[in-house]
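Enquirer: Before anything else, here's the structure in question.
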Amino acid sequence: MSRSPRLMLTAGAVALALAACAPGSDTSAPPPQATASDVETDASKLGDVTLLVWDQEVRGGQKAQMEELNKAFQAKYPNIKLKRVSRSFDDLKTTLRLALSGNEPPDVVEANNGRSDMGEFVKANQLVPLGPYAAAYGWDKRYPASVRQYSSYSADGKTFGQGNLYGLPQVGEVVGIYYSKKKLAAAGVEQPKTWEEFEASLAALKAKGEPPLVLGNLEKWPAIHVFGTVQGRTTPADSIKQLAFGQKGASWKTPENVKAAQTLTDWVGKGYFNEGFNGQDYDPAWQNFSKGKGSYLIAGTWLQADLQKAMGEDVGFMVPPGSSADAQPLATGGTGLPFAITAKSKNPEAAAAYINFITSQDAMGVLAKTGNLPVADTAAQQVTPGLQQDVFTAFGKTVEADGLVPYLDYATPTMYDTIGAALQDLLAGKATPDQFVDRLEKDYGAFAAKNG
């Protein structure tokens, strides 16, 4: 979920390009499928190959693990040359839509697994189903169904969470609350054990003269994570999962969702967020937090390595607390963006070998060493006391309790844009909580009717 500055394209140029090459516009036949027995798993026997790889591993720990794994892969398989293109999340999301419709797309791509991206790519037959490779390499045994569901779709792209496997992630993710131990101590606030204590601490910290919550929401998606965190205190996990996976019978128009939206509106009115948060970029916001501005940052585990480096022992991480200290953990999360093989790749076996290498048991050790959260073999990793231990513990307990709920923008092909814009308006006071849920329900209802 690593995201930063956008491409320097005019809005008109982007709109025209997307209209011409939007995902779902490709009507080619489904890519041919190999069988597990056909797959050559010894990459040294694949001849001289060049793989073009697009990823979004641009921040400190993310960049470090990718560079180390790529170097090790090329050392082991000198016959396969890697050509890597690394882009921020926003840049990758924009350019990948165009590239997959072109004649020379990348071989391996890190694709957002939501309906707006992977779902549309599947529908357009632009990604290779990974079933044969999963069987040949044993991915279906190393990765439990609870992980594979985040990269699985029916062949027509209509059903999310089951069907064919289209990608394999490296990292696990959970959205929680980073906090400054020094800031809390200076205000006489202990780490909150319940949601009531957390909200009380916001008031206590604000009384000290500084907004307690740090947010940079110019890109619009960061507020989705903040809303999801609040929603998880008001709405049952099963209801959130139904919404996020776009299942029939779910609805945004519930008292619980209105209450969550009202909570955010109240927080803005009480001055709990930093000034100008709706117009500030995400990266400068969390960097300000790391420099001592604000007490809390609601964000995901992808910031672990960077915040650890900047703040040392001052930074902690917790799963959003529940109604009681012993409440089952519930948090937004799942997996990082999965690596997929494009249907037009001339080297799918080499691409599969590469994905296998960067998601192997050894790779999970590299991920942990560089400050990332491995999605597999998590409990087997050695972690250092402090933030890394906080993050690994939070992820492990939440997964064990089946408390991870998907990102809300997964719900429909257009929900990423809809909920982002709706939250900006809600936080800016341009929409009421009821108008907010009505806007989401309109998007959701239109998709449900069309999706059958």
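Going by the structure tokens order, chains are called A, B, ..., each with residues numbered from 1, while ligands are numbered from 1 in the order shown.
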Within 12 Å of Thr229 in chain A, counting only C-alpha atoms, which residues qualify if same-chain residues fewer than 3 places away don't, as a PyMOL selection string?
Expert: chain A and resi 174-177+195+222-226+232-235+237+240+257+260-261+263-264+297-300+318-322+329-333+404-408
Enquirer: Could you give me, as a count of residues only, the residues within 12 Å of range 201-214 of chain A, counting only C-alpha atoms and dropping anything in the same chain fewer than 3 positions from it?
Expert: 59
Enquirer: Please list as an mmCIF file with N, CA and C atoms, in the first residue's frame every residue within 9 Å of Gln381 in chain A, counting only C-alpha atoms and excluding residues in the same chain fewer than 3 positions away.
Expert:
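This is the output file out_17.cif:
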```cif
data_model
loop_
_atom_site.group_PDB
_atom_site.id
_atom_site.type_symbol
_atom_site.label_atom_id
_atom_site.label_comp_id
_atom_site.auth_asym_id
_atom_site.auth_seq_id
_atom_site.Cartn_x
_atom_site.Cartn_y
_atom_site.Cartn_z
ATOM 1 N N MET A 364 10.824 -14.803 3.050
ATOM 2 C CA MET A 364 10.125 -14.301 4.230
ATOM 3 C C MET A 364 11.116 -13.845 5.299
ATOM 4 N N GLY A 365 12.250 -14.541 5.388
ATOM 5 C CA GLY A 365 13.296 -14.128 6.322
ATOM 6 C C GLY A 365 13.912 -12.806 5.939
ATOM 7 N N ALA A 368 11.445 -10.009 6.889
ATOM 8 C CA ALA A 368 11.470 -9.699 8.316
ATOM 9 C C ALA A 368 12.724 -8.911 8.682
ATOM 10 N N LYS A 369 13.850 -9.289 8.100
ATOM 11 C CA LYS A 369 15.132 -8.642 8.399
ATOM 12 C C LYS A 369 15.139 -7.175 7.973
ATOM 13 N N PRO A 374 6.143 -10.453 6.893
ATOM 14 C CA PRO A 374 5.886 -11.560 5.967
ATOM 15 C C PRO A 374 4.469 -12.093 6.117
ATOM 16 N N ASP A 377 4.823 -17.857 7.095
ATOM 17 C CA ASP A 377 5.900 -18.195 8.043
ATOM 18 C C ASP A 377 6.160 -17.067 9.034
ATOM 19 N N THR A 378 5.138 -16.307 9.360
ATOM 20 C CA THR A 378 5.302 -15.129 10.219
ATOM 21 C C THR A 378 5.814 -15.507 11.601
#
```
Enquirer: Find the residues of range 327-386 of chain A that sit at most 8 Å from range 42-57 of chain A; for each, write down the nearest two atoms and how far apart they are in Å, to one decimal. Count only C-alpha atoms. Sort by chain, then by number going up, and give it as a Markdown table.
Expert:
```
| residue | atom | partner | partner_atom | distance |
| --- | --- | --- | --- | --- |
| A:Asn347 | CA | A:Val49 | CA | 7.4 |
| A:Glu349 | CA | A:Leu46 | CA | 7.9 |
| A:Ala350 | CA | A:Ala43 | CA | 6.3 |
| A:Ala351 | CA | A:Leu51 | CA | 7.0 |
| A:Ala353 | CA | A:Ala43 | CA | 6.2 |
```
Enquirer: For the residues in the current selection, export C-alpha atoms as a CSV table (one decimal), in the first residue's frame.
Expert:
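See again22.csv below for the written result:
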```
chain,number,residue,atom,x,y,z
A,347,ASN,CA,8.0,-15.9,-20.4
A,349,GLU,CA,7.4,-19.9,-16.6
A,350,ALA,CA,10.3,-17.6,-15.8
A,351,ALA,CA,7.8,-15.1,-14.3
A,353,ALA,CA,9.9,-18.9,-11.0
```
Enquirer: With a distance cut-off of 10 Å and only C-alpha atoms, select the neighbouring residues of range 430-441 of chain A, excluding the residue or stretch itself and same-chain residues fewer than 2 positions from it, and output the selection as a count of residues only.
Expert: 31
Enquirer: Pick out each residue of range 162-323 of chain A that DSSP on the backbone tags as strand (DSSP E or B); I need them as a PyMOL selection string.
Expert: chain A and resi 164-165+168+171-180+213-214+273+296-300+315-318
Enquirer: Atoms to include: N, CA and C atoms. Write the selected residues as a CSV table (one decimal), in the first residue's frame.
Expert:
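Done, and the output landed in again-v1.csv:
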```
chain,number,residue,atom,x,y,z
A,164,ASN,N,-10.2,-18.8,-9.2
A,164,ASN,CA,-8.8,-18.9,-9.6
A,164,ASN,C,-7.9,-18.0,-8.8
A,165,LEU,N,-6.7,-18.4,-8.6
A,165,LEU,CA,-5.7,-17.6,-8.0
A,165,LEU,C,-5.0,-16.8,-9.1
A,168,LEU,N,0.2,-13.6,-6.0
A,168,LEU,CA,0.8,-14.1,-4.7
A,168,LEU,C,1.5,-12.9,-4.0
A,171,VAL,N,3.7,-9.7,1.6
A,171,VAL,CA,3.6,-9.2,3.0
A,171,VAL,C,2.1,-9.3,3.4
A,172,GLY,N,2.0,-9.4,4.8
A,172,GLY,CA,0.7,-9.2,5.4
A,172,GLY,C,0.6,-7.8,5.8
A,173,GLU,N,-0.7,-7.4,6.0
A,173,GLU,CA,-0.9,-6.0,6.3
A,173,GLU,C,-2.0,-5.9,7.4
A,174,VAL,N,-1.9,-5.1,8.3
A,174,VAL,CA,-2.9,-4.8,9.3
A,174,VAL,C,-2.9,-3.3,9.5
A,175,VAL,N,-4.0,-2.6,9.5
A,175,VAL,CA,-4.1,-1.2,9.8
A,175,VAL,C,-4.4,-1.0,11.3
A,176,GLY,N,-3.5,-0.3,12.0
A,176,GLY,CA,-3.7,-0.1,13.4
A,176,GLY,C,-3.3,1.3,13.8
A,177,ILE,N,-2.9,1.5,15.0
A,177,ILE,CA,-2.7,2.8,15.5
A,177,ILE,C,-1.2,2.9,16.0
A,178,TYR,N,-0.4,3.7,15.3
A,178,TYR,CA,0.9,4.0,15.8
A,178,TYR,C,0.8,5.1,16.8
A,179,TYR,N,1.6,5.1,17.9
A,179,TYR,CA,1.6,6.1,18.9
A,179,TYR,C,3.0,6.5,19.4
A,180,SER,N,3.1,7.7,19.8
A,180,SER,CA,4.3,8.2,20.4
A,180,SER,C,4.3,8.0,21.9
A,213,LEU,N,-4.4,13.4,16.3
A,213,LEU,CA,-4.4,12.5,15.2
A,213,LEU,C,-3.7,13.2,13.9
A,214,VAL,N,-2.8,12.4,13.3
A,214,VAL,CA,-2.1,12.9,12.1
A,214,VAL,C,-2.7,12.2,10.9
A,273,PHE,N,-7.8,16.3,14.4
A,273,PHE,CA,-6.9,16.1,13.2
A,273,PHE,C,-6.0,17.4,13.0
A,296,TYR,N,-0.9,10.3,17.6
A,296,TYR,CA,-1.4,9.0,17.0
A,296,TYR,C,-1.4,9.1,15.4
A,297,LEU,N,-1.1,8.0,14.8
A,297,LEU,CA,-1.2,7.9,13.3
A,297,LEU,C,-1.9,6.6,13.0
A,298,ILE,N,-3.1,6.7,12.4
A,298,ILE,CA,-3.8,5.5,12.0
A,298,ILE,C,-3.3,5.1,10.6
A,299,ALA,N,-2.6,4.0,10.5
A,299,ALA,CA,-1.9,3.6,9.3
A,299,ALA,C,-1.6,2.1,9.3
A,300,GLY,N,-1.1,1.6,8.2
A,300,GLY,CA,-0.8,0.2,8.1
A,300,GLY,C,0.7,-0.2,8.4
A,315,VAL,N,8.2,4.9,19.3
A,315,VAL,CA,7.0,4.5,18.6
A,315,VAL,C,6.5,3.1,19.0
A,316,GLY,N,5.2,3.0,19.2
A,316,GLY,CA,4.5,1.8,19.4
A,316,GLY,C,3.4,1.6,18.4
A,317,PHE,N,2.8,0.4,18.4
A,317,PHE,CA,1.8,0.0,17.5
A,317,PHE,C,0.8,-0.9,18.2
A,318,MET,N,-0.5,-0.6,18.0
A,318,MET,CA,-1.5,-1.5,18.6
A,318,MET,C,-2.7,-1.7,17.6
```
Enquirer: Find the residues near Trp139 in chain A: any atom within 12 Å, counting only C-alpha atoms, skip ones fewer than 2 places away on the same chain, and give them as an MDAnalysis selection string.
Expert: chainID A and resid 36 130:137 141:145 147:148 165:169 352:353 355:357 359:361 376
Enquirer: Take the residues from that selection and write them out as a compact mmCIF listing (two decimals), in the first residue's frame, keeping N, CA and C atoms.
Expert:
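Heads up, here's the output in again.txt:
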```
# COMPACT_ATOMS: atom_id res chain seq x y z
N ALA A 36 0.19 -28.51 -14.11
CA ALA A 36 1.28 -28.56 -13.14
C ALA A 36 2.43 -29.42 -13.64
N LEU A 130 -3.10 -18.74 -11.89
CA LEU A 130 -1.87 -19.32 -11.37
C LEU A 130 -2.03 -20.73 -10.81
N GLY A 131 -3.18 -21.35 -11.01
CA GLY A 131 -3.43 -22.68 -10.46
C GLY A 131 -2.33 -23.70 -10.75
N PRO A 132 -1.93 -23.87 -12.01
CA PRO A 132 -0.89 -24.86 -12.32
C PRO A 132 0.44 -24.56 -11.63
N TYR A 133 0.80 -23.29 -11.55
CA TYR A 133 2.05 -22.90 -10.89
C TYR A 133 1.94 -23.10 -9.37
N ALA A 134 0.76 -22.80 -8.83
CA ALA A 134 0.54 -23.01 -7.40
C ALA A 134 0.71 -24.48 -7.04
N ALA A 135 0.20 -25.36 -7.90
CA ALA A 135 0.34 -26.80 -7.65
C ALA A 135 1.78 -27.25 -7.81
N ALA A 136 2.47 -26.74 -8.85
CA ALA A 136 3.85 -27.17 -9.11
C ALA A 136 4.80 -26.71 -8.02
N TYR A 137 4.59 -25.50 -7.51
CA TYR A 137 5.50 -24.94 -6.50
C TYR A 137 5.00 -25.14 -5.07
N LYS A 141 -0.25 -24.97 -0.64
CA LYS A 141 -0.02 -25.53 0.69
C LYS A 141 0.64 -24.50 1.62
N ARG A 142 1.51 -23.67 1.09
CA ARG A 142 2.20 -22.68 1.93
C ARG A 142 1.29 -21.51 2.27
N TYR A 143 0.38 -21.18 1.37
CA TYR A 143 -0.50 -20.03 1.57
C TYR A 143 -1.91 -20.54 1.88
N PRO A 144 -2.41 -20.30 3.09
CA PRO A 144 -3.74 -20.79 3.44
C PRO A 144 -4.83 -20.10 2.62
N ALA A 145 -5.99 -20.71 2.61
CA ALA A 145 -7.12 -20.15 1.85
C ALA A 145 -7.45 -18.74 2.30
N VAL A 147 -5.50 -16.44 3.00
CA VAL A 147 -4.62 -15.50 2.29
C VAL A 147 -4.93 -15.51 0.80
N ARG A 148 -5.10 -16.70 0.24
CA ARG A 148 -5.33 -16.81 -1.21
C ARG A 148 -6.62 -16.12 -1.64
N LEU A 165 -6.70 -18.44 -8.60
CA LEU A 165 -5.68 -17.60 -7.97
C LEU A 165 -4.99 -16.79 -9.06
N TYR A 166 -4.88 -15.47 -8.86
CA TYR A 166 -4.28 -14.61 -9.88
C TYR A 166 -3.05 -13.85 -9.38
N GLY A 167 -2.69 -14.00 -8.13
CA GLY A 167 -1.52 -13.29 -7.64
C GLY A 167 -1.04 -13.87 -6.33
N LEU A 168 0.21 -13.56 -5.98
CA LEU A 168 0.79 -14.05 -4.74
C LEU A 168 1.47 -12.88 -4.02
N PRO A 169 1.06 -12.60 -2.77
CA PRO A 169 1.63 -11.48 -2.04
C PRO A 169 2.88 -11.88 -1.26
N ALA A 352 6.80 -17.08 -13.22
CA ALA A 352 6.35 -17.87 -12.07
C ALA A 352 7.53 -18.23 -11.17
N ALA A 353 8.67 -18.55 -11.78
CA ALA A 353 9.87 -18.87 -10.99
C ALA A 353 10.31 -17.66 -10.16
N ILE A 355 8.32 -15.15 -9.09
CA ILE A 355 7.34 -14.96 -8.02
C ILE A 355 7.57 -15.98 -6.91
N ASN A 356 7.87 -17.22 -7.30
CA ASN A 356 8.15 -18.24 -6.30
C ASN A 356 9.36 -17.86 -5.44
N PHE A 357 10.39 -17.31 -6.07
CA PHE A 357 11.62 -16.94 -5.36
C PHE A 357 11.37 -15.83 -4.35
N THR A 359 8.70 -15.03 -2.86
CA THR A 359 7.69 -15.36 -1.84
C THR A 359 8.06 -16.65 -1.09
N SER A 360 9.28 -17.11 -1.27
CA SER A 360 9.71 -18.37 -0.66
C SER A 360 9.92 -18.21 0.84
N GLN A 361 10.19 -19.32 1.50
CA GLN A 361 10.46 -19.30 2.94
C GLN A 361 11.69 -18.45 3.24
N ALA A 376 3.58 -15.11 5.11
CA ALA A 376 3.70 -16.54 5.41
C ALA A 376 4.87 -16.76 6.36
```
Enquirer: From a backbone DSSP assignment, name each residue in range 153-313 of chain A labelled helix (DSSP H, G or I), as a ChimeraX atom specification.
Expert: /A:181-186,195-206,222-234,237-244,255-269,277-279,282-290,301-313
Enquirer: Rounded to one decimal place, report the CA of Pro385 in chain A-CA of Ala310 in chain A distance in Å.
Expert: 16.0 Å
Enquirer: So the first atom is CA of Gly386 in chain A and the second is CA of Ala72 in chain A; what is the distance between them in Å, to one decimal place?
Expert: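 Distance between the two atoms: 29.1 Å.
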Enquirer: So the first atom is CA of Phe160 in chain A and the second is CA of Gly114 in chain A; what is the distance between them in Å, to one decimal place?
Expert: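 Taking CA of Phe160 in chain A as the start and CA of Gly114 in chain A as the end point, the length is 8.4 Å.
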Enquirer: Rank A:Glu67, A:Asp91, A:Glu400, A:Asp117 by their smallest atom-to-atom distance to Glu219 in chain A, using only C-alpha atoms, and report the top residue only.
Expert: A:Asp91
Enquirer: Contacts of Ala448 in chain A at 9 Å or less, counting only C-alpha atoms, minus same-chain residues fewer than 5 places along, as number ranges by chain?
Expert: A: 246-249, 412, 443
Enquirer: Take the residues that were just selected and, keeping N, CA and C atoms, output them as a PDB file, in the first residue's frame.
Expert:
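Here's the written file result-v3.pdb:
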```
ATOM      1  N   GLY A 246     -18.048  -7.276  -1.915  1.00  0.00           N
ATOM      2  CA  GLY A 246     -19.095  -7.011  -2.889  1.00  0.00           C
ATOM      3  C   GLY A 246     -20.147  -8.094  -2.960  1.00  0.00           C
ATOM      4  N   GLN A 247     -20.498  -8.666  -1.828  1.00  0.00           N
ATOM      5  CA  GLN A 247     -21.455  -9.766  -1.820  1.00  0.00           C
ATOM      6  C   GLN A 247     -22.894  -9.253  -1.819  1.00  0.00           C
ATOM      7  N   LYS A 248     -23.771 -10.059  -2.368  1.00  0.00           N
ATOM      8  CA  LYS A 248     -25.181  -9.695  -2.445  1.00  0.00           C
ATOM      9  C   LYS A 248     -25.787  -9.600  -1.044  1.00  0.00           C
ATOM     10  N   GLY A 249     -26.727  -8.690  -0.911  1.00  0.00           N
ATOM     11  CA  GLY A 249     -27.446  -8.557   0.352  1.00  0.00           C
ATOM     12  C   GLY A 249     -26.823  -7.595   1.331  1.00  0.00           C
ATOM     13  N   THR A 412     -16.377  -2.607  -5.187  1.00  0.00           N
ATOM     14  CA  THR A 412     -16.857  -2.490  -6.562  1.00  0.00           C
ATOM     15  C   THR A 412     -15.727  -1.925  -7.419  1.00  0.00           C
ATOM     16  N   ASP A 443     -23.373   3.630  -5.364  1.00  0.00           N
ATOM     17  CA  ASP A 443     -22.322   2.926  -6.101  1.00  0.00           C
ATOM     18  C   ASP A 443     -22.484   1.417  -5.935  1.00  0.00           C
TER      19      ASP A 443
END
```
